[in-house]
Structures are given as C-alpha cells and as structure tokens.
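One structure below.
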Amino acid sequence: SVLERLAGPRVRPIYALAAAVLLVVAILFQFQADEDIATRASAIHQSVVSGKASLARINDVTQLRNQLSAAVNHRFAPIALDLSVIKLYPVAGFVEKIGDRDMLITVYEGEGSAITCFTFIGGEADAPQVSERFFDPDRKINFYAFSHGEVNGVMHQVGEVICILVSKMAPAELLSVARGKLHHT
C-alpha cells in the first residue's frame, strides 16, 4: 500500500531532510525579519527626507498622537519626544506595516537633521544583529545603535514598546537624543 511505502526505510531520510530544510528556512526567515525592521526604517527615513514620501503636515501634536494611536486601535501610542532643545518638532506622522507589525512613524524636522521615530510593539530581540549595545545606568535600559549607509539608528524599549530613532545625525548625537540628554545646537 501507499502508506507502507511512505513509512519505508528508504523514504524516512527524505522526511528528515525536508524537516531540516524547513527548520533552517524558518531560522533564516526569523533573522531576516529582524534585520528588515532596521533596514526598512532606514529606507523610509531616506524616502521622507528626500521628499519622495508625501507627508500630510500637522500643526497639532496632540491630534497627531491621537490619530496614530487610533490607527492601531489604541493598542499602543507613539513615543512622545520633546526635541525643541535641538529645534526639531513633529511635523507629520503615518502608519506603515513592516513585516507583520504596525509601525507608528513620527517625523521631526527643524533646523537640524530630521529624525524619524518608529514606535511598535516588540522586544530587545528586535535589535539588529549588527547593532552596538549601550547600557544607560541612569534609566537602567539598553540602547542599540546601528547604521545603514549614511543613516544612523538607535533603538530602545519602553515597556512593551520599541522606539527606533533614525537620522543622518552622527551616531553619538543620535544616541544622546534617544537617551534624553539633549544639548543646544
């Protein structure tokens, strides 16, 4: 019968090989998904600052936060940053799906290099493999710094929410922004 042939000793190694291939593909997909968040965030930032992405500008920051939160059924809200010390202000926001995750994206512009803030539900495992970890003893959290070409990023976790800041700012300056240690420019 067909079942006896499928259970036969010559066919069993094929099943084992197929299972091993599926396991390797699943592991590689998981690593690729982690890298895609940082890579995609960098690409979105580039698109925003180059003007390729059309943005609906806002004047009311509270309304922007409420609209972004409502777009994800209030499961989480965008990280609120006060970057006025370095003369950057929230000017637009939108929701983007990266992989299977909703990302709340807030664009900060002003006199310095623009910063794009990505907020999503995640964990420290979402840090790019190529990132450098910095522990902030005052806040008792880790920050992960990474670069993609001319664009730099810093990721940290606040509760169950991840915040990734992406900018052409120097890595040390962007890390200071993420840590909340802002200086006048």
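We name chains A, B, ... following the order of the structure tokens; residues begin at 1 in each chain, and ligands are numbered from 1 as shown.
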For the contact check between region 109-150 of chain A and region 85-96 of chain A, emit one row per residue of region 109-150 of chain A within 12 Å, containing the shortest atom pair and the distance in Å rounded to one decimal, counting only C-alpha atoms, chain then rising number order, as JSON lines.
{"residue": "A:Glu109", "atom": "CA", "partner": "A:Leu88", "partner_atom": "CA", "distance": 4.9}
{"residue": "A:Gly110", "atom": "CA", "partner": "A:Leu88", "partner_atom": "CA", "distance": 4.4}
{"residue": "A:Glu111", "atom": "CA", "partner": "A:Lys87", "partner_atom": "CA", "distance": 5.8}
{"residue": "A:Gly112", "atom": "CA", "partner": "A:Leu88", "partner_atom": "CA", "distance": 6.8}
{"residue": "A:Ser113", "atom": "CA", "partner": "A:Leu88", "partner_atom": "CA", "distance": 8.3}
{"residue": "A:Ala114", "atom": "CA", "partner": "A:Leu88", "partner_atom": "CA", "distance": 7.3}
{"residue": "A:Ile115", "atom": "CA", "partner": "A:Leu88", "partner_atom": "CA", "distance": 8.1}
{"residue": "A:Thr116", "atom": "CA", "partner": "A:Gly93", "partner_atom": "CA", "distance": 9.2}
{"residue": "A:Cys117", "atom": "CA", "partner": "A:Gly93", "partner_atom": "CA", "distance": 9.2}
{"residue": "A:Phe118", "atom": "CA", "partner": "A:Val95", "partner_atom": "CA", "distance": 9.3}
{"residue": "A:Thr119", "atom": "CA", "partner": "A:Val95", "partner_atom": "CA", "distance": 9.6}
{"residue": "A:Phe120", "atom": "CA", "partner": "A:Val95", "partner_atom": "CA", "distance": 10.1}
May I have the residues from that selection written out with all heavy atoms, as a short mmCIF file (atom, residue, chain, number, x, y, z; two decimals), in the first residue's frame?
data_model
loop_
_atom_site.label_atom_id
_atom_site.label_comp_id
_atom_site.auth_asym_id
_atom_site.auth_seq_id
_atom_site.Cartn_x
_atom_site.Cartn_y
_atom_site.Cartn_z
N GLU A 109 11.21 67.59 12.19
CA GLU A 109 12.04 68.44 11.33
C GLU A 109 12.24 69.79 12.00
O GLU A 109 11.49 70.16 12.91
CB GLU A 109 11.39 68.64 9.97
CG GLU A 109 11.33 67.38 9.13
CD GLU A 109 10.64 67.60 7.79
OE1 GLU A 109 9.95 68.63 7.61
OE2 GLU A 109 10.78 66.73 6.92
N GLY A 110 13.21 70.52 11.52
CA GLY A 110 13.50 71.85 12.05
C GLY A 110 14.82 72.34 11.51
O GLY A 110 15.12 72.16 10.33
N GLU A 111 15.64 72.89 12.39
CA GLU A 111 16.91 73.47 11.96
C GLU A 111 18.01 72.44 11.77
O GLU A 111 18.93 72.67 11.01
CB GLU A 111 17.35 74.54 12.97
CG GLU A 111 16.43 75.73 12.99
CD GLU A 111 16.91 76.82 13.93
OE1 GLU A 111 18.08 76.81 14.33
OE2 GLU A 111 16.08 77.69 14.26
N GLY A 112 17.94 71.31 12.44
CA GLY A 112 18.99 70.28 12.32
C GLY A 112 18.57 69.15 11.42
O GLY A 112 17.59 69.25 10.67
N SER A 113 19.32 68.06 11.50
CA SER A 113 18.99 66.86 10.73
C SER A 113 17.66 66.30 11.20
O SER A 113 17.41 66.18 12.39
CB SER A 113 20.07 65.79 10.92
OG SER A 113 21.28 66.18 10.34
N ALA A 114 16.80 65.96 10.24
CA ALA A 114 15.49 65.39 10.57
C ALA A 114 15.68 64.06 11.29
O ALA A 114 16.65 63.34 11.08
CB ALA A 114 14.68 65.19 9.29
N ILE A 115 14.71 63.75 12.15
CA ILE A 115 14.67 62.47 12.86
C ILE A 115 13.32 61.84 12.57
O ILE A 115 12.29 62.50 12.63
CB ILE A 115 14.84 62.64 14.38
CG1 ILE A 115 16.24 63.16 14.71
CG2 ILE A 115 14.57 61.33 15.11
CD1 ILE A 115 16.47 63.42 16.20
N THR A 116 13.33 60.55 12.25
CA THR A 116 12.10 59.79 12.09
C THR A 116 12.04 58.81 13.24
O THR A 116 13.00 58.07 13.49
CB THR A 116 12.07 59.06 10.74
OG1 THR A 116 12.31 60.01 9.69
CG2 THR A 116 10.72 58.41 10.51
N CYS A 117 10.92 58.82 13.97
CA CYS A 117 10.72 57.95 15.13
C CYS A 117 9.74 56.84 14.76
O CYS A 117 8.62 57.12 14.32
CB CYS A 117 10.19 58.76 16.31
SG CYS A 117 9.83 57.76 17.76
N PHE A 118 10.16 55.60 14.94
CA PHE A 118 9.34 54.42 14.67
C PHE A 118 8.97 53.80 16.02
O PHE A 118 9.85 53.50 16.82
CB PHE A 118 10.12 53.39 13.85
CG PHE A 118 10.49 53.90 12.49
CD1 PHE A 118 11.58 54.73 12.32
CD2 PHE A 118 9.74 53.55 11.39
CE1 PHE A 118 11.92 55.21 11.06
CE2 PHE A 118 10.08 54.02 10.12
CZ PHE A 118 11.17 54.86 9.97
N THR A 119 7.67 53.63 16.27
CA THR A 119 7.19 53.02 17.50
C THR A 119 6.39 51.78 17.15
O THR A 119 5.54 51.83 16.26
CB THR A 119 6.29 54.01 18.27
OG1 THR A 119 6.96 55.25 18.44
CG2 THR A 119 5.93 53.47 19.64
N PHE A 120 6.68 50.67 17.85
CA PHE A 120 5.96 49.43 17.59
C PHE A 120 6.08 48.51 18.79
O PHE A 120 6.93 48.70 19.66
CB PHE A 120 6.48 48.73 16.32
CG PHE A 120 7.94 48.36 16.36
CD1 PHE A 120 8.34 47.08 16.69
CD2 PHE A 120 8.92 49.30 16.04
CE1 PHE A 120 9.69 46.74 16.71
CE2 PHE A 120 10.26 48.97 16.05
CZ PHE A 120 10.66 47.68 16.39
#
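Every protein or nucleic acid residue with an atom no more than 12 Å from region 136-140 of chain A, counting only C-alpha atoms and leaving out same-chain residues fewer than 5 positions away, appears here: A:His156, A:Gln157, A:Val158, A:Leu175, A:Ser176, A:Ala178, A:Arg179, A:Gly180, A:Lys181.
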Residues near region 97-101 of chain A, anyone? I mean within 9 Å using only C-alpha atoms, not counting same-chain ones fewer than 6 positions away, as a compact mmCIF listing (two decimals) with all heavy atoms, in the first residue's frame.
# COMPACT_ATOMS: atom_id res chain seq x y z
N ALA A 33 13.78 38.80 9.24
CA ALA A 33 12.71 39.69 9.69
C ALA A 33 13.25 40.72 10.66
O ALA A 33 12.87 41.88 10.63
CB ALA A 33 11.59 38.87 10.33
N ASP A 36 15.13 43.28 8.72
CA ASP A 36 14.26 44.07 7.86
C ASP A 36 13.68 45.29 8.56
O ASP A 36 13.43 46.30 7.91
CB ASP A 36 13.13 43.21 7.30
CG ASP A 36 13.58 42.34 6.15
OD1 ASP A 36 14.66 42.57 5.62
OD2 ASP A 36 12.81 41.45 5.79
N ILE A 37 13.45 45.22 9.86
CA ILE A 37 12.89 46.37 10.57
C ILE A 37 13.85 47.56 10.48
O ILE A 37 13.46 48.65 10.09
CB ILE A 37 12.57 46.02 12.04
CG1 ILE A 37 11.40 45.04 12.08
CG2 ILE A 37 12.26 47.28 12.84
CD1 ILE A 37 11.12 44.49 13.46
N ARG A 40 14.35 48.59 6.73
CA ARG A 40 13.14 49.26 6.22
C ARG A 40 12.96 50.64 6.85
O ARG A 40 12.59 51.59 6.18
CB ARG A 40 11.93 48.36 6.47
CG ARG A 40 10.67 48.89 5.87
CD ARG A 40 10.66 48.73 4.34
NE ARG A 40 9.43 49.30 3.86
CZ ARG A 40 9.37 50.34 3.03
NH1 ARG A 40 10.46 50.86 2.54
NH2 ARG A 40 8.22 50.84 2.67
N ALA A 41 13.24 50.74 8.17
CA ALA A 41 13.15 52.04 8.85
C ALA A 41 14.12 53.03 8.21
O ALA A 41 13.77 54.19 7.97
CB ALA A 41 13.42 51.89 10.34
N PHE A 120 6.68 50.67 17.85
CA PHE A 120 5.96 49.43 17.59
C PHE A 120 6.08 48.51 18.79
O PHE A 120 6.93 48.70 19.66
CB PHE A 120 6.48 48.73 16.32
CG PHE A 120 7.94 48.36 16.36
CD1 PHE A 120 8.34 47.08 16.69
CD2 PHE A 120 8.92 49.30 16.04
CE1 PHE A 120 9.69 46.74 16.71
CE2 PHE A 120 10.26 48.97 16.05
CZ PHE A 120 10.66 47.68 16.39
N ILE A 121 5.22 47.52 18.85
CA ILE A 121 5.28 46.54 19.93
C ILE A 121 6.37 45.54 19.59
O ILE A 121 6.44 45.02 18.48
CB ILE A 121 3.92 45.83 20.11
CG1 ILE A 121 2.88 46.85 20.57
CG2 ILE A 121 4.03 44.68 21.11
CD1 ILE A 121 1.47 46.31 20.67
N GLY A 122 7.26 45.31 20.55
CA GLY A 122 8.36 44.40 20.32
C GLY A 122 9.21 44.21 21.56
O GLY A 122 8.79 44.51 22.67
Just want the 8 Å neighbourhood of Ala77 (chain A), counted on only C-alpha atoms, with same-chain residues fewer than 5 positions away dropped. Output as an mmCIF file with C-alpha atoms, in the first residue's frame.
data_model
loop_
_atom_site.group_PDB
_atom_site.id
_atom_site.type_symbol
_atom_site.label_atom_id
_atom_site.label_comp_id
_atom_site.auth_asym_id
_atom_site.auth_seq_id
_atom_site.Cartn_x
_atom_site.Cartn_y
_atom_site.Cartn_z
ATOM 1 C CA ARG A 65 -0.628 61.325 18.578
ATOM 2 C CA ASN A 66 -4.350 60.573 18.887
ATOM 3 C CA LEU A 68 -1.691 57.499 15.153
ATOM 4 C CA SER A 69 -2.871 55.678 18.276
ATOM 5 C CA LEU A 104 3.692 54.404 14.127
ATOM 6 C CA THR A 119 7.195 53.025 17.503
#
(request) Run DSSP on the backbone and give me the residues of region 72-150 of chain A it puts in helix (DSSP H, G or I), as a PyMOL selection string. (result) chain A and resi 84-86+124-126
For the residues selected in the previous step, produce a file with C-alpha atoms as a PDB file, in the first residue's frame.
ATOM      1  CA  SER A  84      12.621  71.505  20.925  1.00  0.00           C
ATOM      2  CA  VAL A  85      16.008  71.977  22.641  1.00  0.00           C
ATOM      3  CA  ILE A  86      17.652  70.934  19.371  1.00  0.00           C
ATOM      4  CA  GLU A 124      15.096  43.755  22.589  1.00  0.00           C
ATOM      5  CA  ALA A 125      15.332  40.755  20.264  1.00  0.00           C
ATOM      6  CA  ASP A 126      14.268  43.230  17.541  1.00  0.00           C
TER       7      ASP A 126
END
(message) Among region 4-165 of chain A, which ones does DSSP assign to strand (DSSP E or B) (computed from the backbone)? Answer as an NGL selection string.
(response) :A and (57 or 88-98 or 101-110 or 115-121 or 132-136 or 141-148 or 151-158 or 161-165)
Output the selection as a short mmCIF file (atom, residue, chain, number, x, y, z; two decimals), in the first residue's frame - C-alpha atoms for each residue.
data_model
loop_
_atom_site.label_atom_id
_atom_site.label_comp_id
_atom_site.auth_asym_id
_atom_site.auth_seq_id
_atom_site.Cartn_x
_atom_site.Cartn_y
_atom_site.Cartn_z
CA ARG A 57 1.74 68.04 7.63
CA LEU A 88 13.22 69.76 15.94
CA TYR A 89 9.44 69.46 16.01
CA PRO A 90 6.89 66.78 14.98
CA VAL A 91 5.59 67.78 11.56
CA ALA A 92 3.91 64.62 10.25
CA GLY A 93 3.07 61.04 11.06
CA PHE A 94 1.76 57.91 9.42
CA VAL A 95 1.34 54.18 9.95
CA GLU A 96 3.38 51.65 8.00
CA LYS A 97 3.35 47.88 8.15
CA ILE A 98 6.82 46.37 8.30
CA ARG A 101 3.90 44.73 12.56
CA ASP A 102 2.20 48.08 12.64
CA MET A 103 4.69 50.94 12.97
CA LEU A 104 3.69 54.40 14.13
CA ILE A 105 6.03 56.83 12.38
CA THR A 106 6.54 60.41 13.52
CA VAL A 107 8.71 62.81 11.52
CA TYR A 108 10.61 65.55 13.36
CA GLU A 109 12.04 68.44 11.33
CA GLY A 110 13.50 71.85 12.05
CA ILE A 115 14.67 62.47 12.86
CA THR A 116 12.10 59.79 12.09
CA CYS A 117 10.72 57.95 15.13
CA PHE A 118 9.34 54.42 14.67
CA THR A 119 7.19 53.02 17.50
CA PHE A 120 5.96 49.43 17.59
CA ILE A 121 5.28 46.54 19.93
CA GLU A 132 26.17 48.03 19.31
CA ARG A 133 24.58 47.86 22.77
CA PHE A 134 24.90 50.71 25.27
CA PHE A 135 23.56 50.39 28.82
CA ASP A 136 22.21 53.59 30.40
CA ILE A 141 17.79 50.29 29.89
CA ASN A 142 19.76 49.21 26.85
CA PHE A 143 20.17 51.27 23.71
CA TYR A 144 21.17 49.67 20.40
CA ALA A 145 22.97 51.77 17.80
CA PHE A 146 23.25 50.78 14.13
CA SER A 147 23.99 52.32 10.73
CA HIS A 148 22.83 51.74 7.17
CA VAL A 151 21.68 56.82 8.06
CA ASN A 152 22.10 56.00 11.74
CA GLY A 153 19.60 54.49 14.14
CA VAL A 154 19.15 53.97 17.85
CA MET A 155 16.65 51.54 19.32
CA HIS A 156 15.41 51.18 22.90
CA GLN A 157 12.50 49.59 24.70
CA VAL A 158 9.94 51.35 26.90
CA VAL A 161 7.00 49.31 23.04
CA ILE A 162 10.11 49.74 20.92
CA CYS A 163 11.32 53.14 19.75
CA ILE A 164 13.75 53.44 16.85
CA LEU A 165 15.12 56.87 16.01
#
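Closest approach to Val61 (chain A) among A:Gly123, A:Ala80, A:Lys168, A:Pro128: A:Ala80, based on only C-alpha atoms.
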(request) Go through A:Glu160, A:Met169, A:Ala53, A:Val130 and flag the residue nearest Arg75 (chain A), using only C-alpha atoms for the distances. (result)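 Of A:Glu160, A:Met169, A:Ala53, A:Val130, the one nearest Arg75 (chain A) is A:Glu160, counting only C-alpha atoms.
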